[in-house]
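First the structure, in the form of structure tokens, and then the observations on it.
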Amino acid sequence: MFRQDRILIAAMLLSMPLAAQEQPRMRRPGGGAGMDYREYDAATLERGKAAFVANCGFCHGANAKGGESGPDLVRSVVVIDDENGNLIAPIVHGGRQAQGMPKIDVNDKQLTDIVAFLHEGVRAAAERGTYKLLNIVTGNAKAGEAYFNGAGKCNTCHSVTGDLKGIGAKYDPVALTSRFLMPVGGRPGHRNTSPIEVTVTQANGRVVKGTLERIDDFTVSITDSDGNYRSFTRNGDVPKVVLKDPAQAHFDLLEKYTDAEMHNLTAYLVTLK
Amino acid sequence: MKRFVLLLVPGLLAAQTGQNLILDPATLLKPATDAWPTYNGDYTGKRFSPLRQINQQTVKQLTPAWIYRAQAGPGFNTIVGGTGPDAPPVAGRENSFGGLQIKATPLMLNGVLYFASPDNAWAVDAHSGKELWHYFWKTTGGIHIGNRGVGIYGNWLFFETPDDYLVSLDARTGKERWHIQIADVKQEYFSTPAPIIIGNHVMVGTGGDTLDVPGFLESVDPETGAMQWKWWSEPLKKGDPGSETWPNEASMRHGGGMTWMPGTYDPQLKLYYIGTGNPQPVETGHGREGDNLWTCSIVALNVETGKIAWYYQVSPHDTHDWDATQTPILIDGTFDGKPRKLIAQASRNGYYFLLDRTNGEHLLTSKFIETMNWSNGVNAKGQPIPNPGKESTIDGVLVSPNSTGATNWPAPSFDPETGLFYVDTNETFSVFYLTDTDPQPEGYAAAERNAGGMGNTLRALDYKTGKTVWKHKYPGGGGSAGILTTAGHLLFTGDGAQNLIAFDPATGKILWHAGLAANVVNGPETYMLDGQQYLVVGAGDSLYAFTVSQ
């Protein structure tokens with residue numbers, strides 16, 4: 001089936017490309033897609049949307065995701081495989097009699113804009129790294145405050161007039177939520193939060209204390225209280241290594257939060273401007 | 001077409017001349033010793049080697065024999081193919097996934113290793129680590145996240161590319177025989193599996209999650225590249241079996257279910273077992289209400305016809321990207337005191353499943369991570385019941401595991417001597433935020449924000465109960481390494497701190513390790529060559545070979 005499609009498409013490639021001017025393809029950082037998509041300016045997309053709604057929206061829906069009588073065009077192989085209108089234009093101009101689609105009377109400029117609008121719809125679905133989060137602040141700030149000072153025990157380590165003062169202005173709500181769920185980032189020696197405290201008790205009984213740089217099953221590396229970097233070979237329980245992570249409460253809470261508690265805590269913390 | 005191909009079967013390999021084909025097909029039907037002829041070493045997916053020169057006594061003497069550092073891209077002696085431009089569509093595409101990572105398990109035949117990375121294939125001398133040839137494919141795009149390796153039929157090699165071509169090379173020279181397009185990269189399909197060859201069938205799967213496309217598995221003629229059959233991961237039209245699990249035809253024709261991992265095969269039953277990927281749109285169930293067959297399923301296909309013999313869906317109506325593509329391992333064992341032909345999968349959703357592989361009868365479901373919070377238990381068939389309250393919402397839901405799952409593609413292993421199923425596990429959390437509120441969402445339709453977790457643990461599960469018999473938590477975090485077990489009573493894998501580690505498979509005690517220059521990123525393999533047992537792993541851009549001195 002697929003190979004037959006290719007033959008059809010190859011035949012269609014003979015039709016003239018619509019737009020002389022080619023938009024650059026680019027890859028948006030973190031977009032996560034496998035193809036490079038064209039970049040269209042906002043004015044083109046706005047005109048394209050208006051022309052689409054006026055000429056195509058009745059059947060294909062105002063957002064091109066399909067309507068009463070026309071298919072979803074964001075998921076359309078014709079649209080996805082199209083290059084500058086080479087596959088779309090013949091269908092718009094010629095219609096698809098068998099499927100009940102009439103010829104559509106649009107000029108070249110309008111068609112170029114419609115093509116841009118459709119390709120942008122594909123890109124927006126494909127590049128998931130560019131998805132826009134909506135309003136996530138739906139919780140109850142009062143309940144969040146109660147959780148902060150109660151069940152969550154957040155106030156054991158934090159103060160809204162101290163280290164968290166103005167935190168709601170510093171981060172947007174999504175970043176703020178990520179931050180309280182798991183403030184720890186990076187490997188131990190380069191954490192963005194307080195370092196992990198380590199106590200190493202050697203076989204001869206000597207105790208070395210410091211902060212954790214790195215640990216695996218075979219080595220533990222620390223910066224000791226004098227600021228010196230030190231590594232110890234680990235062999236099972238020798239030397240004895242005890243870690244104390246000041247951020248441990250955040251790990252413990254992960255398994256306890258209800259979604260409502262998470263939403264309430266976000267709602268409370270965003271008020272700390 | 002099908003009849004034509006079937007007529008060719010009596011003349012198997014006839015089109016290849018020469019007395020000494022690199023792969024004798026009989027090699028594929030026995031446990032690998034002097035060869036590693038297919039992705040998992042043999043068709044069972046056990047990744048258990050009967051070799052024992054490297055054992056609990058000799059493992060302390062395990063030392064490097066050679067290191068081969070691969071260089072992707074066109075070089076001095078590179079054979080170049082492909083349809084893309086000379087300059088890749090996006091500079092540094094490889095680097096977007098941390099540079100070259102050898103995720104492939106190399107095949108080893110007649111003293112030569114064959115493997116691939118996205119757009120590249122190599123042959124390397126298995127004695128010395130010296131390169132014999134390198135083939136480079138000029139790409140037209142596609143996600144370059146990884147390649148699991150090559151398949152071989154006689155002298156013909158096969159590998160898949162990120163822009164969805166199946167490329168066949170002459171294994172002796174690296175010269176291209178032909179390439180065929182198997183999917184459309186513009187629809188965001190990208191292909192990573194190692195082709196599995198069964199008789200004269202090359203099993204070709206694909207991946208792709210962002211444009212709501214249907215998954216499929218193709219069987220291809222190794223001589224000509226002609227399609228023998230194609231199995232779609234969803235029913236094709238309303239009224240077909242399975243269509244009752246979708247609201248409408250449009251949803252099933254855009255329903256995902258990718259086939260991006262090699263499967264396993266029972267030559268007596270002539271069934272090919274493959275785990276299918278998640279449904280699409282990926283992170284919301286809106287627009288695809290129902291169980292969404294045959295996504296997130298273990299599927300048994302008749303290897304001659306591509307017809308489905310049975311299926312078992314391990315994640316009905318998945319909304320968290322938990323592909324069920326983890327190797328379904330074939331175990332000949334007992335269950336409830338009776339000998340059974342079994343199939344076992346530790347699935348990305350955090351559940352271990354044990355089935356009868358003759359008919360798909362469900363025998364056992366068991367959780368293998370403790371933090372899992374998305375399920376309301378299991379139904380009468382042992383299938384998880386998703387908690388609708390843990391499907392993405394605009395204001396977010398906190399879910400464990402995250403979309404990477406309780407485990408992922410790195411190879412598990414089953415050791416018939418210990419009766420334990422070994423799997424690398426992650427206890428993670430993420431918030432899933434719905435971003436597309438349309439009644440017919442597209443793509444992922446949601447955004448995920450990682451919230452950390454409790455770390456990474458190697459687990460040994462009793463195959464009959466799914467219970468964790470021992471576990472080893474990596475103090476510095478885990479990596480993305482597969483697992484090998486051997487009759488030398490050893491388990492080899494890698495951690496997230498660039499160590500290759502040998503464990504006692506019975507107890508989880510560490511017996512040996514070697515610090516490498518990168519994390520192990522493939523499944524370790526072993527083979528016998530001139531009386532010497534080799535252990536080979538891929539770590540970063542290099543292959544490392546180890547032997548014991550005699």
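Order determines the names: the first chain of the structure tokens is A, the second B, and so forth; residues in each chain are numbered 1 upward, and ligands are numbered 1 upward as they are shown.
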Point to revise | Asp212 of chain B surroundings by only C-alpha atoms, 6 Å radius, close-in-sequence under 2 positions cut, as a PyMOL selection string | key: chain B and resi 210+254+280-281+443
Practice item. Skip segment 147-161 of chain A itself and residues of its chain fewer than 4 positions away, then list as a PyMOL selection string all residues within 9 Å of it, counting only C-alpha atoms. Key: chain A and resi 142-143+165-167+249+253+257+261+264-265+268-269+272
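Across the structure, atom CA of Leu181 of chain A and atom CA of Asn373 of chain B are spaced 15.8 Å apart.
Considering the residues B:Gly396, B:Pro193, B:Gly277, B:Gly482 and counting only C-alpha atoms, chain A has its shortest atom-to-atom contact with B:Gly396.
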Practice item. Residues of chain A no more than 7 Å from chain B, counting only C-alpha atoms: send them over as a ChimeraX atom specification. Key: /A:33-35,75,80-81,125-126,128,131-138,178,181-182,215-217,251,255,259
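Computed from the coordinates, the atom CA of Val242 of chain A to atom CA of Thr223 of chain A distance equals 14.6 Å.
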Can you tell me, as an mmCIF file with C-alpha atoms, in the first residue's frame, what residues are no more than 6 Å from Val537 of chain B when counting only C-alpha atoms, ignoring any on the same chain fewer than 3 positions away?
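Result went into result07.cif, see below:
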data_model
loop_
_atom_site.group_PDB
_atom_site.id
_atom_site.type_symbol
_atom_site.label_atom_id
_atom_site.label_comp_id
_atom_site.auth_asym_id
_atom_site.auth_seq_id
_atom_site.Cartn_x
_atom_site.Cartn_y
_atom_site.Cartn_z
ATOM 1 C CA PRO B 524 27.120 -7.516 26.527
ATOM 2 C CA LEU B 543 33.671 -1.737 21.572
ATOM 3 C CA TYR B 544 35.680 -3.303 24.400
#
Selection near Gly257 of chain B, 8 Å with only C-alpha atoms, sequence-local residues under 3 positions removed, as a compact mmCIF listing (two decimals) with C-alpha atoms, in the first residue's frame:
# COMPACT_ATOMS: atom_id res chain seq x y z
CA PRO B 214 0.04 3.31 12.42
CA GLY B 215 2.69 0.76 13.37
CA PHE B 216 3.50 -2.32 11.33
CA SER B 233 -0.56 -2.95 14.72
CA GLU B 234 -4.19 -1.87 14.45
CA THR B 276 4.28 -3.43 20.34
CA GLY B 277 4.62 0.22 21.26
CA ASN B 278 2.24 2.73 22.81
CA PRO B 279 -0.93 4.03 21.21
CA GLN B 280 -1.12 7.51 19.69
CA TRP B 294 -2.88 -4.17 19.37
CA THR B 295 -0.82 -1.44 20.98
CA CYS B 296 1.22 -2.21 24.13
CA ASP B 323 5.77 0.82 24.86
Can you pull out every residue within 8 Å of segment 46-57 of chain B, counting only C-alpha atoms, but drop anything in the same chain fewer than 6 positions away, and send it as an mmCIF file with C-alpha atoms, in the first residue's frame?
data_model
loop_
_atom_site.group_PDB
_atom_site.id
_atom_site.type_symbol
_atom_site.label_atom_id
_atom_site.label_comp_id
_atom_site.auth_asym_id
_atom_site.auth_seq_id
_atom_site.Cartn_x
_atom_site.Cartn_y
_atom_site.Cartn_z
ATOM 1 C CA PRO B 31 22.581 -21.543 21.842
ATOM 2 C CA ALA B 32 25.403 -19.329 20.640
ATOM 3 C CA THR B 33 28.927 -20.494 21.422
ATOM 4 C CA ASN B 40 19.874 -11.760 21.217
ATOM 5 C CA ILE B 329 11.876 -14.008 26.609
ATOM 6 C CA LEU B 330 11.044 -17.642 25.798
ATOM 7 C CA ILE B 331 11.405 -19.915 28.805
ATOM 8 C CA PRO B 412 16.947 -8.375 30.009
ATOM 9 C CA SER B 413 18.309 -11.896 30.505
ATOM 10 C CA PHE B 414 17.036 -15.233 31.762
ATOM 11 C CA ASP B 415 19.416 -17.733 33.362
ATOM 12 C CA PRO B 416 17.957 -21.263 33.215
ATOM 13 C CA ILE B 483 22.359 -7.930 30.658
ATOM 14 C CA LEU B 484 24.184 -11.165 29.783
ATOM 15 C CA THR B 485 24.218 -14.318 31.892
ATOM 16 C CA THR B 486 26.544 -17.277 31.347
ATOM 17 C CA ALA B 487 27.077 -20.863 32.422
ATOM 18 C CA GLY B 488 30.239 -19.543 34.088
ATOM 19 C CA HIS B 489 27.777 -18.378 36.795
ATOM 20 C CA LEU B 490 28.260 -14.761 35.857
ATOM 21 C CA ASP B 504 26.977 -13.572 40.891
ATOM 22 C CA LEU B 511 32.680 -10.354 41.584
ATOM 23 C CA GLU B 525 27.818 -10.592 24.401
ATOM 24 C CA THR B 526 30.244 -13.486 24.483
ATOM 25 C CA TYR B 527 31.659 -16.003 22.018
ATOM 26 C CA MET B 528 34.430 -18.554 21.594
ATOM 27 C CA GLN B 532 39.436 -18.178 23.777
ATOM 28 C CA GLN B 533 36.202 -16.869 25.263
ATOM 29 C CA THR B 547 39.493 -12.350 27.659
ATOM 30 C CA VAL B 548 41.061 -14.406 30.436
#
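Taking atom CA of Leu364 of chain B and atom CA of Ile274 of chain B as endpoints, the distance between them is 18.7 Å.
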Just list as an mmCIF file with N, CA and C atoms, in the first residue's frame whatever in segment 2-144 of chain A DSSP marks as strand (DSSP E).
data_model
loop_
_atom_site.group_PDB
_atom_site.id
_atom_site.type_symbol
_atom_site.label_atom_id
_atom_site.label_comp_id
_atom_site.auth_asym_id
_atom_site.auth_seq_id
_atom_site.Cartn_x
_atom_site.Cartn_y
_atom_site.Cartn_z
ATOM 1 N N ARG A 25 14.343 25.779 6.472
ATOM 2 C CA ARG A 25 14.009 24.716 7.420
ATOM 3 C C ARG A 25 14.896 24.899 8.650
ATOM 4 N N MET A 26 14.390 24.552 9.775
ATOM 5 C CA MET A 26 15.206 24.681 10.974
ATOM 6 C C MET A 26 14.781 23.663 12.010
ATOM 7 N N TYR A 37 11.580 21.509 10.132
ATOM 8 C CA TYR A 37 10.351 22.128 9.641
ATOM 9 C C TYR A 37 10.597 23.574 9.249
ATOM 10 N N ARG A 38 9.801 24.038 8.303
ATOM 11 C CA ARG A 38 9.955 25.407 7.844
ATOM 12 C C ARG A 38 9.456 26.383 8.907
#
Exercise for review: Please run DSSP on the backbone and report, as a PyMOL selection string, all residues within segment 17-149 of chain A that come out as helix (DSSP H, G or I).
Suggested key: chain A and resi 42-55+57-60+77-81+88-94+97-99+108-126+128-130+141-149
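Minimum atom-to-atom distance to Val521 of chain B, evaluated using only C-alpha atoms, belongs to B:Gly494 out of B:Gly129, B:Gly494, B:Pro37, B:Pro267.
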**Study point:** Residues within 8 Å of Leu212 of chain A, only C-alpha atoms, excluding chain neighbours under 5 positions, as a list in words
**Key:** Pro188, Gly189, Pro195, Ile196, Glu197, Val198, Val220, Ser221, Ile222 and Thr223 of chain A
Any chance you could export the current selection's C-alpha atoms as a PDB file, in the first residue's frame?
ATOM      1  CA  PRO A 188      26.490  14.849  43.408  1.00  0.00           C
ATOM      2  CA  GLY A 189      29.592  17.034  43.120  1.00  0.00           C
ATOM      3  CA  PRO A 195      25.672  18.906  48.920  1.00  0.00           C
ATOM      4  CA  ILE A 196      25.286  15.422  50.355  1.00  0.00           C
ATOM      5  CA  GLU A 197      27.185  14.993  53.611  1.00  0.00           C
ATOM      6  CA  VAL A 198      29.430  11.917  53.804  1.00  0.00           C
ATOM      7  CA  VAL A 220      33.608   7.156  46.924  1.00  0.00           C
ATOM      8  CA  SER A 221      35.035  10.638  46.367  1.00  0.00           C
ATOM      9  CA  ILE A 222      34.588  13.553  48.705  1.00  0.00           C
ATOM     10  CA  THR A 223      35.772  17.041  49.440  1.00  0.00           C
TER      11      THR A 223
END
